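**Student:** Here's a structure for you.
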Amino acid sequence: MNKKIHRDEALSILKKHCSDDVVEHCVAVSETAVKIAGKIKENGYDMDIDFVEIASLLHDLGRAKTHGIKHGVRGAEIIRELGREKGYDKDQIMKISRVCETHIGAGLTKEDAEEFGLPVKDYLPETLEEKVIAHADNIVFGTRVGSITETIEKLEKKLGRGHPSIKRISQLSRFIEGISRS
């Protein structure tokens with residue numbers, strides 16, 4: 001079988017594995033990402049809005065196992081396992097697993113991964129869809145849509161001014177905002 005995961009199935013997976021607050025956050029991120037993706041598509045960019053909706057619903061699936069930095073990798077493992085068990089479309093599963101891995105901040109470099117004890121590789125968003133989902137996650141706090149300024153202020157307190165992760169998040173934000181203007 002090669003069945004695709006649709007919105008209702010993604011919600012069902014999320015509700016089965018994650019707490020209500022994680023589900024609510026993922027729904028808010030998905031709604032925000034879909035709005036951003038719609039604006040980008042209106043501006044003439046190739047954008048798979050259906051994929052953005054599904055993958056953003058599942059981006060925090062790893063929070064079923066951990067709320068730490070490893071939740072991205074754990075989410076990718078869970079979705080690949082579900083893909084094998086349920087016979088989901090392999091291409092879609094691999095793309096969703098990439099979103100799980102790359103949504104943290106503006107992604108993690110190989111050096112970041114090593115520092116955090118993750119499998120050593122780059123976890124940087126590459127596709128437009130991955131970038132939109134990472135950005136949407138950066139501006140959704142719980143279920144509230146905030147601003148990138150809030151995100152940066154919180155990270156500066158936690159990581160210190162000038163941290164490379166903050167620079168990547170700022171660059172990602174400027175890029176997404178630049179191509180999503182009406």
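Chain labels A, B, ... are given in the sequence in which chains occur in the structure tokens; within each chain residues are numbered consecutively from 1, and ligands are likewise numbered from 1 in the order shown.
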Name the residues in contact with range 4-11 of chain A at a cut-off of 12 Å, using only C-alpha atoms, excluding same-chain residues fewer than 3 positions from it; report them as a ChimeraX atom specification.

**Tutor:** /A:1,14-18,20,22-27,30-31,49-61,79,82-83,86-96

**Student:** Write a file of the selected residues as a compact mmCIF listing (two decimals), in the first residue's frame, keeping C-alpha atoms.

**Tutor:**
```
# COMPACT_ATOMS: atom_id res chain seq x y z
CA MET A 1 0.00 0.00 0.00
CA LEU A 14 -1.14 13.38 16.73
CA LYS A 15 -4.00 12.85 19.21
CA LYS A 16 -3.03 9.21 19.70
CA HIS A 17 0.59 10.01 20.55
CA CYS A 18 0.67 13.51 22.08
CA ASP A 20 -3.70 17.95 24.29
CA VAL A 22 0.95 19.61 21.97
CA VAL A 23 -2.02 18.86 19.69
CA GLU A 24 -3.36 22.41 20.15
CA HIS A 25 0.08 23.88 19.43
CA CYS A 26 0.47 21.79 16.28
CA VAL A 27 -2.97 22.85 15.03
CA SER A 30 -0.49 24.32 10.93
CA GLU A 31 -3.06 27.11 10.56
CA ILE A 49 -0.03 23.78 0.73
CA ASP A 50 -1.58 20.37 1.46
CA PHE A 51 1.82 19.03 2.46
CA VAL A 52 2.46 22.11 4.63
CA GLU A 53 -0.81 21.43 6.46
CA ILE A 54 -0.09 17.73 7.09
CA ALA A 55 3.60 18.08 7.97
CA SER A 56 3.05 21.05 10.26
CA LEU A 57 0.41 19.07 12.14
CA LEU A 58 3.01 16.34 12.71
CA HIS A 59 6.12 18.50 13.24
CA ASP A 60 6.14 17.99 17.03
CA LEU A 61 5.21 14.29 17.02
CA ILE A 79 6.68 8.88 11.58
CA LEU A 82 4.26 4.48 11.41
CA GLY A 83 4.92 4.68 7.68
CA LYS A 86 0.59 1.44 8.11
CA GLY A 87 1.92 1.35 4.55
CA TYR A 88 1.92 5.12 4.11
CA ASP A 89 3.44 6.67 0.99
CA LYS A 90 7.24 6.45 1.44
CA ASP A 91 7.97 9.77 -0.27
CA GLN A 92 5.47 11.63 1.91
CA ILE A 93 6.81 9.94 5.05
CA MET A 94 10.40 10.89 4.22
CA LYS A 95 9.36 14.51 3.61
CA ILE A 96 7.41 14.64 6.89
```

**Student:** Could you pull out the helix (DSSP H, G or I) residues of range 5-156 of chain A from DSSP and send them as a ChimeraX atom specification?

**Tutor:** /A:7-17,20-42,49-58,61-64,71-86,90-102,110-115,128-139,148-156

**Student:** Take the residues from that selection and put them in a file with C-alpha atoms, as a CSV table (one decimal), in the first residue's frame.

**Tutor:**
```csv
chain,number,residue,atom,x,y,z
A,7,ARG,CA,-5.5,16.1,7.5
A,8,ASP,CA,-7.9,13.9,9.5
A,9,GLU,CA,-5.3,11.0,9.6
A,10,ALA,CA,-2.6,13.4,10.7
A,11,LEU,CA,-4.8,14.7,13.5
A,12,SER,CA,-5.6,11.2,14.6
A,13,ILE,CA,-1.9,10.3,14.7
A,14,LEU,CA,-1.1,13.4,16.7
A,15,LYS,CA,-4.0,12.9,19.2
A,16,LYS,CA,-3.0,9.2,19.7
A,17,HIS,CA,0.6,10.0,20.6
A,20,ASP,CA,-3.7,18.0,24.3
A,21,ASP,CA,-1.4,21.0,24.6
A,22,VAL,CA,1.0,19.6,22.0
A,23,VAL,CA,-2.0,18.9,19.7
A,24,GLU,CA,-3.4,22.4,20.2
A,25,HIS,CA,0.1,23.9,19.4
A,26,CYS,CA,0.5,21.8,16.3
A,27,VAL,CA,-3.0,22.8,15.0
A,28,ALA,CA,-2.0,26.5,15.6
A,29,VAL,CA,1.3,26.1,13.8
A,30,SER,CA,-0.5,24.3,10.9
A,31,GLU,CA,-3.1,27.1,10.6
A,32,THR,CA,-0.3,29.7,10.6
A,33,ALA,CA,1.9,27.8,8.2
A,34,VAL,CA,-1.0,27.3,5.7
A,35,LYS,CA,-1.7,31.1,5.8
A,36,ILE,CA,1.9,31.9,5.1
A,37,ALA,CA,2.2,29.2,2.4
A,38,GLY,CA,-1.0,30.6,0.7
A,39,LYS,CA,0.5,34.1,0.5
A,40,ILE,CA,3.7,32.7,-0.9
A,41,LYS,CA,1.8,30.7,-3.5
A,42,GLU,CA,-0.2,33.8,-4.4
A,49,ILE,CA,0.0,23.8,0.7
A,50,ASP,CA,-1.6,20.4,1.5
A,51,PHE,CA,1.8,19.0,2.5
A,52,VAL,CA,2.5,22.1,4.6
A,53,GLU,CA,-0.8,21.4,6.5
A,54,ILE,CA,-0.1,17.7,7.1
A,55,ALA,CA,3.6,18.1,8.0
A,56,SER,CA,3.0,21.1,10.3
A,57,LEU,CA,0.4,19.1,12.1
A,58,LEU,CA,3.0,16.3,12.7
A,61,LEU,CA,5.2,14.3,17.0
A,62,GLY,CA,8.5,13.6,18.9
A,63,ARG,CA,7.1,15.4,21.9
A,64,ALA,CA,5.3,12.2,22.6
A,71,HIS,CA,12.1,15.7,19.9
A,72,GLY,CA,12.8,16.5,16.2
A,73,VAL,CA,14.8,13.3,15.7
A,74,ARG,CA,12.4,11.3,17.7
A,75,GLY,CA,9.4,12.6,15.7
A,76,ALA,CA,11.2,11.5,12.5
A,77,GLU,CA,11.7,8.1,13.9
A,78,ILE,CA,8.1,7.8,15.0
A,79,ILE,CA,6.7,8.9,11.6
A,80,ARG,CA,9.0,6.5,9.7
A,81,GLU,CA,7.9,3.6,11.9
A,82,LEU,CA,4.3,4.5,11.4
A,83,GLY,CA,4.9,4.7,7.7
A,84,ARG,CA,6.3,1.1,7.7
A,85,GLU,CA,3.5,-0.2,9.9
A,86,LYS,CA,0.6,1.4,8.1
A,90,LYS,CA,7.2,6.4,1.4
A,91,ASP,CA,8.0,9.8,-0.3
A,92,GLN,CA,5.5,11.6,1.9
A,93,ILE,CA,6.8,9.9,5.1
A,94,MET,CA,10.4,10.9,4.2
A,95,LYS,CA,9.4,14.5,3.6
A,96,ILE,CA,7.4,14.6,6.9
A,97,SER,CA,10.3,13.1,8.8
A,98,ARG,CA,12.6,15.9,7.3
A,99,VAL,CA,10.2,18.5,8.7
A,100,CYS,CA,10.3,16.9,12.1
A,101,GLU,CA,14.1,17.0,12.0
A,102,THR,CA,14.5,20.5,10.5
A,110,LYS,CA,26.2,19.4,11.9
A,111,GLU,CA,28.2,21.1,14.7
A,112,ASP,CA,25.0,21.9,16.7
A,113,ALA,CA,23.8,18.3,16.3
A,114,GLU,CA,27.1,17.0,17.7
A,115,GLU,CA,26.9,19.5,20.6
A,128,LEU,CA,10.3,26.1,0.9
A,129,GLU,CA,7.8,24.0,2.8
A,130,GLU,CA,10.3,23.1,5.5
A,131,LYS,CA,11.3,26.7,5.9
A,132,VAL,CA,7.6,27.9,6.2
A,133,ILE,CA,6.9,25.3,8.9
A,134,ALA,CA,10.0,26.2,10.8
A,135,HIS,CA,9.1,29.9,10.6
A,136,ALA,CA,5.5,29.3,11.7
A,137,ASP,CA,6.7,27.2,14.7
A,138,ASN,CA,9.1,30.1,15.6
A,139,ILE,CA,6.2,32.6,15.9
A,148,ILE,CA,9.8,36.8,15.6
A,149,THR,CA,11.0,39.6,17.9
A,150,GLU,CA,9.6,37.7,20.8
A,151,THR,CA,11.3,34.5,19.7
A,152,ILE,CA,14.7,36.3,19.3
A,153,GLU,CA,14.3,38.0,22.7
A,154,LYS,CA,13.7,34.7,24.4
A,155,LEU,CA,16.6,33.0,22.7
A,156,GLU,CA,19.0,35.9,23.5
```

**Student:** Once DSSP has gone over the backbone, tell me which residues of range 35-177 of chain A are in strand (DSSP E), as number ranges by chain.

**Tutor:** A: 140-141, 144-145

**Student:** Could those selected residues go to a file with C-alpha atoms, as a compact mmCIF listing (two decimals), in the first residue's frame?

**Tutor:**
```txt
# COMPACT_ATOMS: atom_id res chain seq x y z
CA VAL A 140 3.54 30.35 17.55
CA PHE A 141 3.77 30.26 21.34
CA ARG A 144 -0.88 32.22 20.26
CA VAL A 145 0.67 33.74 17.18
```
